[in-house]
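What follows is the content of target.pdb, which has PDB, C-alpha atoms and all ligand atoms:
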ATOM      1  CA  MET E   1       3.480   3.752 -30.391
ATOM      2  CA  MET E   2       2.223   0.327 -31.268
ATOM      3  CA  ARG E   3       3.231  -2.455 -29.027
ATOM      4  CA  THR E   4       1.859  -5.427 -27.240
ATOM      5  CA  ILE E   5       0.780  -4.269 -23.874
ATOM      6  CA  ARG E   6       1.500  -7.625 -22.356
ATOM      7  CA  ALA E   7       5.139  -7.820 -23.344
ATOM      8  CA  VAL E   8       5.896  -4.294 -22.414
ATOM      9  CA  ARG E   9       4.001  -4.307 -19.202
ATOM     10  CA  LEU E  10       5.593  -7.455 -17.916
ATOM     11  CA  ALA E  11       8.998  -6.191 -18.888
ATOM     12  CA  SER E  12       8.437  -2.911 -17.154
ATOM     13  CA  LEU E  13       7.172  -4.645 -14.078
ATOM     14  CA  ALA E  14      10.222  -6.842 -13.929
ATOM     15  CA  ALA E  15      12.483  -3.916 -14.590
ATOM     16  CA  ALA E  16      10.895  -1.981 -11.807
ATOM     17  CA  THR E  17      11.381  -4.910  -9.488
ATOM     18  CA  ALA E  18      14.998  -5.119 -10.515
ATOM     19  CA  VAL E  19      15.449  -1.474  -9.706
ATOM     20  CA  VAL E  20      13.898  -2.023  -6.345
ATOM     21  CA  LEU E  21      16.104  -4.991  -5.624
ATOM     22  CA  ALA E  22      19.174  -3.123  -6.725
ATOM     23  CA  ALA E  23      18.296  -0.241  -4.486
ATOM     24  CA  CYS E  24      17.599  -2.516  -1.594
ATOM     25  CA  GLY E  25      21.283  -2.863  -0.804
ATOM     26  CA  GLY E  26      21.351   0.811  -0.074
ATOM     27  CA  ALA E  27      18.921   0.215   2.694
ATOM     28  CA  TYR E  28      16.104   2.342   3.736
ATOM     29  CA  ALA E  29      17.911   5.642   3.610
ATOM     30  CA  THR E  30      18.299   5.482  -0.137
ATOM     31  CA  ALA E  31      14.561   5.624  -0.443
ATOM     32  CA  SER E  32      14.001   3.679  -3.564
ATOM     33  CA  PRO E  33      10.369   3.972  -4.516
ATOM     34  CA  ALA E  34       9.269   0.602  -3.328
ATOM     35  CA  ALA E  35      12.161  -0.326  -1.113
ATOM     36  CA  ALA E  36       9.937  -0.047   1.865
ATOM     37  CA  ALA E  37       7.950  -2.995   0.706
ATOM     38  CA  ILE E  38      10.943  -5.211   0.213
ATOM     39  CA  GLY E  39      10.866  -6.464   3.726
ATOM     40  CA  ALA E  40       7.482  -7.922   3.081
ATOM     41  CA  VAL E  41       8.198  -9.089  -0.404
ATOM     42  CA  PRO E  42      11.270 -11.123  -0.982
ATOM     43  CA  SER E  43      10.549 -10.853  -4.646
ATOM     44  CA  THR E  44      13.007 -12.653  -6.832
ATOM     45  CA  PRO E  45      12.217 -12.350 -10.492
ATOM     46  CA  THR E  46      13.684 -15.274 -12.313
ATOM     47  CA  ALA E  47      14.675 -12.982 -15.083
ATOM     48  CA  ALA E  48      15.190  -9.280 -15.074
ATOM     49  CA  PRO E  49      14.555  -7.916 -18.533
ATOM     50  CA  THR E  50      16.560  -4.827 -19.211
ATOM     51  CA  ILE E  51      15.273  -1.557 -20.452
ATOM     52  CA  ALA E  52      16.716  -2.469 -23.808
ATOM     53  CA  ALA E  53      14.500  -5.497 -23.914
ATOM     54  CA  THR E  54      11.522  -3.290 -23.304
ATOM     55  CA  ALA E  55      12.485  -1.035 -26.145
ATOM     56  CA  ALA E  56      12.949  -3.974 -28.466
ATOM     57  CA  GLY E  57       9.561  -5.255 -27.527
ATOM     58  CA  GLU E  58       8.003  -1.963 -28.398
ATOM     59  CA  ALA E  59       9.800  -1.745 -31.692
ATOM     60  CA  SER E  60       8.889  -5.185 -32.907
ATOM     61  CA  ALA E  61       5.297  -5.274 -31.815
ATOM     62  CA  ALA E  62       2.491  -4.756 -34.224
ATOM     63  CA  ALA E  63      -0.770  -3.007 -33.602
ATOM     64  CA  SER E  64      -2.678  -4.695 -30.848
ATOM     65  CA  SER E  65      -6.328  -5.506 -30.688
ATOM     66  CA  ALA E  66      -6.096  -7.247 -27.355
ATOM     67  CA  VAL E  67      -9.028  -7.318 -24.997
ATOM     68  CA  TYR E  68      -8.235  -7.368 -21.306
ATOM     69  CA  GLU E  69     -10.726  -8.690 -18.834
ATOM     70  CA  VAL E  70     -10.988  -7.249 -15.359
ATOM     71  CA  THR E  71     -11.951  -9.953 -12.914
ATOM     72  CA  VAL E  72     -12.829 -10.328  -9.255
ATOM     73  CA  ALA E  73     -10.126 -12.032  -7.216
ATOM     74  CA  ARG E  74     -10.686 -13.216  -3.670
ATOM     75  CA  ASP E  75      -7.983 -12.839  -1.082
ATOM     76  CA  PRO E  76      -8.634 -15.245   1.800
ATOM     77  CA  LYS E  77      -8.074 -12.524   4.367
ATOM     78  CA  LEU E  78      -8.859  -9.295   2.591
ATOM     79  CA  GLY E  79     -11.806 -10.322   0.473
ATOM     80  CA  ALA E  80     -12.929  -9.594  -3.068
ATOM     81  CA  HIS E  81     -10.902  -7.190  -5.156
ATOM     82  CA  LEU E  82     -10.295  -6.420  -8.794
ATOM     83  CA  ALA E  83      -7.569  -8.032 -10.831
ATOM     84  CA  GLY E  84      -6.334  -7.142 -14.277
ATOM     85  CA  GLU E  85      -3.934  -8.636 -16.742
ATOM     86  CA  GLY E  86      -2.764 -12.085 -15.735
ATOM     87  CA  GLY E  87      -4.892 -11.925 -12.612
ATOM     88  CA  LYS E  88      -2.624  -9.322 -11.064
ATOM     89  CA  SER E  89      -4.084  -7.200  -8.310
ATOM     90  CA  LEU E  90      -5.282  -3.711  -9.150
ATOM     91  CA  TYR E  91      -4.860  -0.801  -6.766
ATOM     92  CA  LEU E  92      -6.224   2.656  -6.225
ATOM     93  CA  LEU E  93      -4.410   5.707  -4.895
ATOM     94  CA  THR E  94      -6.516   7.714  -2.485
ATOM     95  CA  ALA E  95      -4.778  10.918  -3.581
ATOM     96  CA  ASP E  96      -6.283  10.478  -7.033
ATOM     97  CA  ALA E  97      -9.705  11.767  -7.911
ATOM     98  CA  ALA E  98     -12.196  10.632 -10.518
ATOM     99  CA  ASN E  99     -10.400  10.439 -13.866
ATOM    100  CA  LYS E 100      -7.433  12.284 -12.380
ATOM    101  CA  PRO E 101      -4.413  10.006 -11.935
ATOM    102  CA  THR E 102      -1.609  11.701 -10.012
ATOM    103  CA  CYS E 103       0.996   8.941  -9.816
ATOM    104  CA  VAL E 104       3.688   9.806 -12.345
ATOM    105  CA  GLY E 105       7.452   9.610 -12.693
ATOM    106  CA  GLY E 106       9.104   7.347 -10.159
ATOM    107  CA  CYS E 107       5.759   6.689  -8.592
ATOM    108  CA  ALA E 108       4.521   5.148 -11.827
ATOM    109  CA  THR E 109       7.587   2.911 -11.862
ATOM    110  CA  ALA E 110       6.603   1.423  -8.534
ATOM    111  CA  TRP E 111       2.913   1.538  -9.436
ATOM    112  CA  PRO E 112       2.593   0.879 -13.179
ATOM    113  CA  PRO E 113      -0.673   2.303 -14.491
ATOM    114  CA  PHE E 114      -3.071  -0.110 -16.140
ATOM    115  CA  GLU E 115      -2.915   1.380 -19.628
ATOM    116  CA  LEU E 116      -4.433   0.576 -22.966
ATOM    117  CA  ASP E 117      -2.812   1.187 -26.309
ATOM    118  CA  PRO E 118      -4.862   2.222 -29.325
ATOM    119  CA  GLY E 119      -7.061  -0.659 -30.401
ATOM    120  CA  GLU E 120      -6.944  -2.378 -27.064
ATOM    121  CA  GLN E 121     -10.038  -2.809 -24.992
ATOM    122  CA  VAL E 122     -11.017  -3.730 -21.486
ATOM    123  CA  THR E 123     -14.066  -5.729 -20.478
ATOM    124  CA  ALA E 124     -15.729  -6.620 -17.197
ATOM    125  CA  GLY E 125     -15.682 -10.176 -15.951
ATOM    126  CA  PRO E 126     -18.271 -11.753 -13.660
ATOM    127  CA  GLY E 127     -18.915  -9.643 -10.577
ATOM    128  CA  VAL E 128     -17.255  -6.569 -11.988
ATOM    129  CA  THR E 129     -20.293  -4.349 -11.750
ATOM    130  CA  GLY E 130     -18.703  -0.923 -12.042
ATOM    131  CA  VAL E 131     -18.010   1.159 -15.112
ATOM    132  CA  LEU E 132     -14.749   0.475 -16.901
ATOM    133  CA  ALA E 133     -13.415   3.338 -18.984
ATOM    134  CA  THR E 134     -10.158   5.157 -19.613
ATOM    135  CA  THR E 135      -8.717   8.558 -18.885
ATOM    136  CA  PRO E 136      -5.616  10.208 -20.350
ATOM    137  CA  ARG E 137      -2.461  10.108 -18.256
ATOM    138  CA  PRO E 138      -1.128  13.482 -17.152
ATOM    139  CA  ASP E 139       2.417  12.583 -18.167
ATOM    140  CA  ASP E 140       2.310  10.899 -21.560
ATOM    141  CA  GLY E 141      -1.344  11.095 -22.490
ATOM    142  CA  LYS E 142      -1.750   7.340 -22.677
ATOM    143  CA  GLN E 143      -5.086   5.890 -21.719
ATOM    144  CA  GLN E 144      -5.258   4.630 -18.152
ATOM    145  CA  VAL E 145      -8.086   2.295 -17.277
ATOM    146  CA  THR E 146     -10.553   3.559 -14.695
ATOM    147  CA  TYR E 147     -13.175   1.781 -12.611
ATOM    148  CA  ASN E 148     -16.100   3.953 -11.597
ATOM    149  CA  GLY E 149     -13.714   6.799 -12.325
ATOM    150  CA  ILE E 150     -10.892   5.398 -10.183
ATOM    151  CA  PRO E 151      -7.526   5.261 -12.008
ATOM    152  CA  LEU E 152      -6.166   1.707 -11.760
ATOM    153  CA  TYR E 153      -2.583   0.662 -11.075
ATOM    154  CA  TYR E 154      -0.519  -2.457 -10.586
ATOM    155  CA  PHE E 155       2.223  -2.783  -7.955
ATOM    156  CA  ALA E 156       5.727  -3.572  -9.158
ATOM    157  CA  ASN E 157       6.370  -5.860  -6.201
ATOM    158  CA  ASP E 158       3.431  -8.090  -6.988
ATOM    159  CA  ALA E 159       5.045 -10.954  -8.850
ATOM    160  CA  GLN E 160       2.008 -12.999  -9.723
ATOM    161  CA  ALA E 161      -1.729 -13.377  -9.526
ATOM    162  CA  GLY E 162      -2.942 -13.297  -5.963
ATOM    163  CA  ASP E 163      -0.107 -11.164  -4.646
ATOM    164  CA  VAL E 164      -1.421  -8.221  -2.632
ATOM    165  CA  ASN E 165       1.841  -6.737  -1.442
ATOM    166  CA  GLY E 166       0.786  -3.185  -2.127
ATOM    167  CA  GLN E 167      -2.254  -3.331   0.116
ATOM    168  CA  GLY E 168      -2.287  -0.466   2.592
ATOM    169  CA  PHE E 169       1.049   0.897   1.423
ATOM    170  CA  LYS E 170       1.675   4.235   3.116
ATOM    171  CA  GLY E 171      -1.981   4.280   3.988
ATOM    172  CA  VAL E 172      -2.850   5.547   0.513
ATOM    173  CA  TRP E 173      -2.746   2.485  -1.757
ATOM    174  CA  PHE E 174      -5.539  -0.048  -1.540
ATOM    175  CA  LEU E 175      -6.969  -2.940  -3.439
ATOM    176  CA  VAL E 176      -9.981  -1.986  -5.497
ATOM    177  CA  ALA E 177     -13.200  -3.622  -4.379
ATOM    178  CA  PRO E 178     -16.093  -4.202  -6.757
ATOM    179  CA  ALA E 179     -17.959  -1.453  -4.883
ATOM    180  CA  SER E 180     -15.119   1.066  -4.989
ATOM    181  CA  THR E 181     -15.993   4.312  -6.698
ATOM    182  CA  ALA E 182     -14.868   7.850  -7.312
ATOM    183  CA  LEU E 183     -18.083   8.898  -8.998
ATOM    184  CA  GLY E 184     -19.337  10.643  -5.875
ATOM    185  CA  GLY E 185     -16.189  12.736  -5.455
ATOM    186  CA  PRO E 186     -13.260  11.332  -3.462
ATOM    187  CA  ILE E 187     -12.302   7.733  -3.947
ATOM    188  CA  THR E 188     -14.145   5.474  -1.548
ATOM    189  CA  GLY E 189     -14.524   1.793  -0.915
ATOM    190  CA  GLY E 190     -10.977   0.552  -1.377
ATOM    191  CA  LEU E 191     -10.328  -2.561   0.690
ATOM    192  CA  GLY E 192      -9.287  -1.424   4.163
ATOM    193  CA  GLN E 193      -9.400   2.207   3.112
ATOM    194  CA  ASP E 194     -11.843   3.258   5.796
ATOM    195  CA  ALA E 195      -9.961   1.482   8.548
ATOM    196  CA  ALA E 196      -6.731   3.116   7.491
ATOM    197  CA  ALA E 197      -8.358   6.515   7.338
ATOM    198  CA  ALA E 198      -9.697   6.048  10.826
ATOM    199  CA  SER E 199      -6.398   4.973  12.280
ATOM    200  CA  THR E 200      -4.110   7.353  10.469
ATOM    201  CA  ALA E 201      -4.454  10.995  10.946
ATOM    202  CA  THR E 202      -2.613  13.442   8.815
ATOM    203  CA  PRO E 203      -1.860  12.963   5.158
ATOM    204  CA  THR E 204       0.848  15.591   5.231
ATOM    205  CA  ALA E 205       3.832  13.292   5.283
ATOM    206  CA  THR E 206       2.795  11.441   2.189
ATOM    207  CA  SER E 207       3.322  12.852  -1.238
ATOM    208  CA  ALA E 208       1.833  11.640  -4.449
ATOM    209  CA  GLY E 209       2.209   7.954  -4.805
ATOM    210  CA  GLY E 210       2.787   7.543  -1.150
ATOM    211  CA  TYR E 211       6.282   6.340  -1.588
ATOM    212  CA  THR E 212       8.363   9.417  -1.050
ATOM    213  CA  ARG E 213       9.682   9.637   2.435
ATOM    214  CA  GLY E 214      11.005  12.624   4.237
ATOM    215  CA  PRO E 215      14.776  12.416   3.994
ATOM    216  CA  ALA E 216      14.680  11.778   0.286
ATOM    217  CA  ALA E 217      12.245  14.421  -0.721
ATOM    218  CA  SER E 218      14.463  15.332  -3.634
ATOM    219  CA  GLN E 219      13.540  12.044  -5.222
ATOM    220  CA  SER E 220       9.940  12.982  -5.356
ATOM    221  CA  PRO E 221       8.697  12.954  -8.920
ATOM    222  CA  ALA E 222       8.883  16.596  -9.831
ATOM    223  CA  ALA E 223       6.014  16.525 -12.247
ATOM    224  CA  SER E 224       3.651  15.017  -9.792
ATOM    225  CA  PRO E 225       0.802  17.203  -8.740
ATOM    226  CA  ARG E 226       0.585  17.146  -5.005
ATOM    227  CA  PRO E 227      -2.492  15.411  -3.799
ATOM    228  CA  THR E 228      -4.865  17.752  -2.157
ATOM    229  CA  ALA E 229      -6.023  17.144   1.321
ATOM    230  CA  THR E 230      -9.551  16.860   0.086
ATOM    231  CA  ALA E 231      -8.652  13.786  -1.856
ATOM    232  CA  ARG E 232      -8.279  11.912   1.363
ATOM    233  CA  PRO E 233     -10.978  11.180   3.802
ATOM    234  CA  THR E 234     -10.069  13.156   6.836
ATOM    235  CA  ALA E 235      -9.850  11.156   9.955
ATOM    236  CA  SER E 236      -9.806  11.633  13.627
ATOM    237  CA  PRO E 237      -7.752  14.558  14.893
ATOM    238  CA  ARG E 238      -5.376  12.152  16.536
ATOM    239  CA  PRO E 239      -1.768  13.017  15.651
ATOM    240  CA  THR E 240       0.347  10.422  13.954
ATOM    241  CA  ALA E 241       2.154   8.051  16.152
ATOM    242  CA  SER E 242       5.255   8.324  18.254
ATOM    243  CA  PRO E 243       4.687   9.082  21.887
ATOM    244  CA  LEU E 244       1.064   8.237  22.164
ATOM    245  CA  PRO E 245      -1.615   9.782  24.253
ATOM    246  CA  THR E 246      -2.418   6.428  25.693
ATOM    247  CA  ALA E 247       1.156   5.765  26.612
ATOM    248  CA  SER E 248       1.972   6.080  30.233
ATOM    249  CA  PRO E 249       5.697   6.222  30.785
ATOM    250  CA  SER E 250       5.280   5.747  34.488
ATOM    251  CA  ALA E 251       4.098   2.224  34.894
ATOM    252  CA  THR E 252       3.344   0.952  38.310
ATOM    253  CA  ALA E 253       6.197   0.881  40.723
ATOM    254  CA  GLY E 254       9.186  -1.068  39.686
ATOM    255  CA  SER E 255       7.563  -2.900  36.836
ATOM    256  CA  ALA E 256       9.730  -3.863  33.955
ATOM    257  CA  ALA E 257       8.949  -3.109  30.368
ATOM    258  CA  SER E 258       8.405  -5.600  27.622
ATOM    259  CA  SER E 259       9.056  -5.139  23.965
ATOM    260  CA  VAL E 260       7.485  -6.204  20.709
ATOM    261  CA  GLN E 261       9.266  -5.683  17.438
ATOM    262  CA  ILE E 262       7.290  -4.890  14.319
ATOM    263  CA  ALA E 263       9.278  -6.311  11.435
ATOM    264  CA  ASN E 264       8.535  -7.908   8.110
ATOM    265  CA  PHE E 265       4.842  -7.252   8.506
ATOM    266  CA  ALA E 266       4.626  -9.214  11.732
ATOM    267  CA  PHE E 267       4.682  -8.682  15.487
ATOM    268  CA  ALA E 268       7.495 -10.477  17.300
ATOM    269  CA  PRO E 269       6.701 -12.031  19.599
ATOM    270  CA  SER E 270       3.151 -12.284  18.393
ATOM    271  CA  SER E 271       2.058 -13.520  21.798
ATOM    272  CA  LEU E 272       3.419 -11.892  24.919
ATOM    273  CA  THR E 273       2.542 -12.468  28.550
ATOM    274  CA  VAL E 274       3.177  -9.731  31.077
ATOM    275  CA  ARG E 275       2.184  -8.905  34.622
ATOM    276  CA  ALA E 276      -0.432  -6.267  35.238
ATOM    277  CA  GLY E 277       1.055  -2.799  35.339
ATOM    278  CA  ILE E 278       3.751  -3.476  32.820
ATOM    279  CA  THR E 279       4.340  -1.194  29.880
ATOM    280  CA  VAL E 280       4.705  -2.857  26.522
ATOM    281  CA  THR E 281       6.689  -1.045  23.864
ATOM    282  CA  TRP E 282       6.193  -1.734  20.163
ATOM    283  CA  THR E 283       8.980  -0.622  17.851
ATOM    284  CA  ASN E 284       8.376  -0.447  14.125
ATOM    285  CA  THR E 285      11.494  -1.461  12.227
ATOM    286  CA  ASP E 286       9.676  -1.994   8.951
ATOM    287  CA  GLY E 287       9.951   0.351   6.034
ATOM    288  CA  VAL E 288       6.254   1.091   6.151
ATOM    289  CA  SER E 289       3.919   2.337   8.825
ATOM    290  CA  HIS E 290       1.860  -0.006  10.931
ATOM    291  CA  THR E 291      -0.574   0.316  13.774
ATOM    292  CA  VAL E 292      -1.191  -1.493  17.040
ATOM    293  CA  THR E 293      -4.932  -1.561  17.361
ATOM    294  CA  ALA E 294      -6.829  -3.546  19.981
ATOM    295  CA  ASP E 295      -9.613  -5.677  18.596
ATOM    296  CA  ASP E 296     -11.837  -4.485  21.435
ATOM    297  CA  GLY E 297     -10.849  -0.866  20.912
ATOM    298  CA  SER E 298      -9.202  -0.522  24.301
ATOM    299  CA  PHE E 299      -6.055   0.921  22.771
ATOM    300  CA  SER E 300      -4.955   2.177  19.389
ATOM    301  CA  SER E 301      -1.603   3.534  18.356
ATOM    302  CA  GLY E 302      -2.530   5.409  15.250
ATOM    303  CA  LYS E 303       0.034   5.173  12.493
ATOM    304  CA  ILE E 304       3.484   4.200  13.745
ATOM    305  CA  PRO E 305       6.046   5.380  11.199
ATOM    306  CA  THR E 306       9.301   3.592  10.590
ATOM    307  CA  GLY E 307      11.582   3.767  13.598
ATOM    308  CA  SER E 308       8.882   4.982  15.939
ATOM    309  CA  THR E 309       7.497   3.324  19.010
ATOM    310  CA  PHE E 310       4.184   2.949  20.756
ATOM    311  CA  ARG E 311       3.730   2.231  24.445
ATOM    312  CA  GLU E 312       0.774   0.897  26.288
ATOM    313  CA  THR E 313       0.535   0.077  29.961
ATOM    314  CA  PHE E 314      -1.700  -2.824  30.856
ATOM    315  CA  ALA E 315      -3.200  -2.281  34.270
ATOM    316  CA  THR E 316      -5.851  -4.939  34.138
ATOM    317  CA  ALA E 317      -5.430  -8.653  33.775
ATOM    318  CA  GLY E 318      -6.894 -10.154  30.658
ATOM    319  CA  THR E 319      -6.162 -11.143  27.113
ATOM    320  CA  TYR E 320      -5.817  -8.380  24.579
ATOM    321  CA  ALA E 321      -5.907  -9.303  20.911
ATOM    322  CA  TYR E 322      -4.668  -6.636  18.546
ATOM    323  CA  ARG E 323      -3.758  -6.169  14.921
ATOM    324  CA  CYS E 324      -2.440  -3.668  12.432
ATOM    325  CA  SER E 325      -5.419  -1.812  11.051
ATOM    326  CA  ILE E 326      -3.548  -1.139   7.819
ATOM    327  CA  HIS E 327      -2.540  -4.768   7.348
ATOM    328  CA  PRO E 328      -5.204  -6.728   9.184
ATOM    329  CA  SER E 329      -3.398  -9.997   8.701
ATOM    330  CA  MET E 330      -0.803  -8.769  11.214
ATOM    331  CA  ILE E 331      -2.118  -9.975  14.554
ATOM    332  CA  GLY E 332      -0.811 -10.314  18.070
ATOM    333  CA  THR E 333      -1.925 -10.966  21.618
ATOM    334  CA  ILE E 334      -0.936  -9.516  24.969
ATOM    335  CA  THR E 335      -1.864 -11.664  27.939
ATOM    336  CA  VAL E 336      -1.836  -9.785  31.210
ATOM    337  CA  THR E 337      -1.616 -11.779  34.409
ATOM    338  CA  PRO E 338      -2.572 -10.397  37.847
TER     339      PRO E 338
HETATM  340 CU    CU E 401       0.766  -2.868   9.187
END
Would you mind giving the structure from this file in structure tokens?
Ligand SMILES: [Cu+2]
Amino acid sequence: MMRTIRAVRLASLAAATAVVLAACGGAYATASPAAAAIGAVPSTPTAAPTIAATAAGEASAAASSAVYEVTVARDPKLGAHLAGEGGKSLYLLTADAANKPTCVGGCATAWPPFELDPGEQVTAGPGVTGVLATTPRPDDGKQQVTYNGIPLYYFANDAQAGDVNGQGFKGVWFLVAPASTALGGPITGGLGQDAAAASTATPTATSAGGYTRGPAASQSPAASPRPTATARPTASPRPTASPLPTASPSATAGSAASSVQIANFAFAPSSLTVRAGITVTWTNTDGVSHTVTADDGSFSSGKIPTGSTFRETFATAGTYAYRCSIHPSMIGTITVTP
């Protein structure tokens, strides 16, 4: 079908966002594909094109000969990563393999593939040193752009250039760095990918696309091939989250506990002062997993799923800076007084 990729893609992005927003009222339990990211992304499209508008766009468009340039964008915190049409961030899915996209169905609604129509081309901008090519989609056979073999996607909740709201999602979606590649086998080199692999253990809870969550397994895109375990770098044998090995429920005699909420991609309070011996409890109320990882390595929660907690008892006075290893811009400090 001939169409302008720009019109259709923007419409589909907006439509996907509208779906997400509509589903948001149903809260987390309804498990809309990208609902989990809503907390972090108060995305408010000024206009929400309907599906009908998309269809009209397709019908009226003529053959396209557009050329799309992939560029290097620089996030102040995350670093250099690839951007596609309109400067929008491009992502990789670690469950994919070289020239083997696995995100289809509802997953592809939340993560629209970077596709080319017949006649359209993609070129590399300055600093884009990898090989740009295309591979056929497993669902509709359309050509999805690849970078060093890595299938490229956008995130529906990224509203504009510079948005990186999909970074680290479910521990399987990452921004694509200029050095990212799948040519050696599994996908490597996504921004933060190694850190996430080191801090999250088992890939079992995440299905293709990384957006399906347990209670709503029926909403998993049926056609989606399950990612194989080999597609993900295996990490430490540490089990995911909840009661943590480092947690010590029996703090020193009579000490009270202190709490930190993890919400909206932030720790609250971000700075907490406690007496030595006190147990601090972090509770993740976000729709996505986070970690509590000491900068000096003295403690690490592993992945804390939604609704789970992590406890750490601080026996020694000092200042402990920590962050979420999946979303490194999430930082906090525990100050322990004697
Ligand atoms: Cu996080």
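Nearest to Asp117 of chain E of all the residues E:Glu312, E:Asp96, E:Asp140, E:Asp75 is E:Asp140, counting all atoms listed in the file.
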Care to translate the PyMOL selection byres (((chain E and resi 100) around 10) and not hetatm) into actual residues of this file, as a compact mmCIF listing (two decimals) with C-alpha atoms, in the frame of the given file?
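And here is the file that came out, part.txt:
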# COMPACT_ATOMS: atom_id res chain seq x y z
CA ALA E 95 -4.78 10.92 -3.58
CA ASP E 96 -6.28 10.48 -7.03
CA ALA E 97 -9.70 11.77 -7.91
CA ALA E 98 -12.20 10.63 -10.52
CA ASN E 99 -10.40 10.44 -13.87
CA PRO E 101 -4.41 10.01 -11.94
CA THR E 102 -1.61 11.70 -10.01
CA CYS E 103 1.00 8.94 -9.82
CA THR E 135 -8.72 8.56 -18.89
CA PRO E 136 -5.62 10.21 -20.35
CA ARG E 137 -2.46 10.11 -18.26
CA PRO E 138 -1.13 13.48 -17.15
CA GLN E 144 -5.26 4.63 -18.15
CA THR E 146 -10.55 3.56 -14.70
CA GLY E 149 -13.71 6.80 -12.32
CA ILE E 150 -10.89 5.40 -10.18
CA PRO E 151 -7.53 5.26 -12.01
Item to complete: Give the answer as one residue: which of E:Ala73, E:Ala276, E:Cys324, E:Ala315 has the shortest atom-to-atom distance to ligand CU 401 (chain E), using all atoms listed in the file?
Response: E:Cys324
Discussion item. I'd like the interatomic distance between atom CA of Asp139 of chain E and atom CA of Leu152 of chain E, to a tenth of an Å.
Written reply: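 Going from atom CA of Asp139 of chain E over to atom CA of Leu152 of chain E covers 15.3 Å.
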Per residue of chain E within 9 Å of ligand CU 401 (chain E), record the nearest atom pair and its distance in Å to one decimal, counting all atoms listed in the file, with rows in chain order and ascending residue number, as a tab-separated table.
residue	atom	partner	partner_atom	distance
E:Gly168	CA	E:CU401	CU	7.7
E:Phe169	CA	E:CU401	CU	8.6
E:Ile262	CA	E:CU401	CU	8.5
E:Phe265	CA	E:CU401	CU	6.0
E:Ala266	CA	E:CU401	CU	7.9
E:Asp286	CA	E:CU401	CU	9.0
E:Val288	CA	E:CU401	CU	7.4
E:Ser289	CA	E:CU401	CU	6.1
E:His290	CA	E:CU401	CU	3.5
E:Thr291	CA	E:CU401	CU	5.7
E:Val292	CA	E:CU401	CU	8.2
E:Lys303	CA	E:CU401	CU	8.7
E:Ile304	CA	E:CU401	CU	8.8
E:Arg323	CA	E:CU401	CU	8.0
E:Cys324	CA	E:CU401	CU	4.6
E:Ser325	CA	E:CU401	CU	6.5
E:Ile326	CA	E:CU401	CU	4.8
E:His327	CA	E:CU401	CU	4.2
E:Pro328	CA	E:CU401	CU	7.1
E:Ser329	CA	E:CU401	CU	8.3
E:Met330	CA	E:CU401	CU	6.4
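The list of residues within 7 Å of (8.0, -4.4, 28.8), counted using all atoms listed in the file, is E:Ala256, E:Ala257, E:Ser258, E:Ser259, E:Ile278, E:Thr279, E:Val280, E:Thr281.
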Practice prompt. Would you mind reading off the distance between atom CA of Thr94 of chain E and atom CA of Pro186 of chain E, one decimal, in Å?
Written response: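 Rounded to one decimal, the two atoms are 7.7 Å apart.
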Item to complete: Mind giving me the straight-line distance from atom CA of Leu175 of chain E to atom CA of Asn284 of chain E in Å, one decimal?
Response: 23.5 Å
Which neighbours of segment 118-134 of chain E fall inside 12 Å, counting only C-alpha atoms, when residues of the same chain fewer than 6 positions from it are skipped, and could you give them as a compact mmCIF listing (two decimals) with C-alpha atoms, in the frame of the given file?
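Below is the file that was written, result16.txt:
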# COMPACT_ATOMS: atom_id res chain seq x y z
CA MET E 1 3.48 3.75 -30.39
CA MET E 2 2.22 0.33 -31.27
CA ARG E 3 3.23 -2.46 -29.03
CA THR E 4 1.86 -5.43 -27.24
CA ILE E 5 0.78 -4.27 -23.87
CA ARG E 6 1.50 -7.62 -22.36
CA ALA E 62 2.49 -4.76 -34.22
CA ALA E 63 -0.77 -3.01 -33.60
CA SER E 64 -2.68 -4.70 -30.85
CA SER E 65 -6.33 -5.51 -30.69
CA ALA E 66 -6.10 -7.25 -27.36
CA VAL E 67 -9.03 -7.32 -25.00
CA TYR E 68 -8.24 -7.37 -21.31
CA GLU E 69 -10.73 -8.69 -18.83
CA VAL E 70 -10.99 -7.25 -15.36
CA THR E 71 -11.95 -9.95 -12.91
CA VAL E 72 -12.83 -10.33 -9.26
CA ALA E 73 -10.13 -12.03 -7.22
CA ARG E 74 -10.69 -13.22 -3.67
CA ALA E 80 -12.93 -9.59 -3.07
CA HIS E 81 -10.90 -7.19 -5.16
CA LEU E 82 -10.30 -6.42 -8.79
CA ALA E 83 -7.57 -8.03 -10.83
CA GLY E 84 -6.33 -7.14 -14.28
CA GLU E 85 -3.93 -8.64 -16.74
CA GLY E 87 -4.89 -11.92 -12.61
CA ALA E 98 -12.20 10.63 -10.52
CA ASN E 99 -10.40 10.44 -13.87
CA LYS E 100 -7.43 12.28 -12.38
CA PRO E 101 -4.41 10.01 -11.94
CA GLY E 141 -1.34 11.10 -22.49
CA LYS E 142 -1.75 7.34 -22.68
CA GLN E 143 -5.09 5.89 -21.72
CA GLN E 144 -5.26 4.63 -18.15
CA VAL E 145 -8.09 2.30 -17.28
CA THR E 146 -10.55 3.56 -14.70
CA TYR E 147 -13.18 1.78 -12.61
CA ASN E 148 -16.10 3.95 -11.60
CA GLY E 149 -13.71 6.80 -12.32
CA ILE E 150 -10.89 5.40 -10.18
CA PRO E 151 -7.53 5.26 -12.01
CA LEU E 152 -6.17 1.71 -11.76
CA VAL E 176 -9.98 -1.99 -5.50
CA ALA E 177 -13.20 -3.62 -4.38
CA PRO E 178 -16.09 -4.20 -6.76
CA ALA E 179 -17.96 -1.45 -4.88
CA SER E 180 -15.12 1.07 -4.99
CA THR E 181 -15.99 4.31 -6.70
CA ALA E 182 -14.87 7.85 -7.31
CA LEU E 183 -18.08 8.90 -9.00
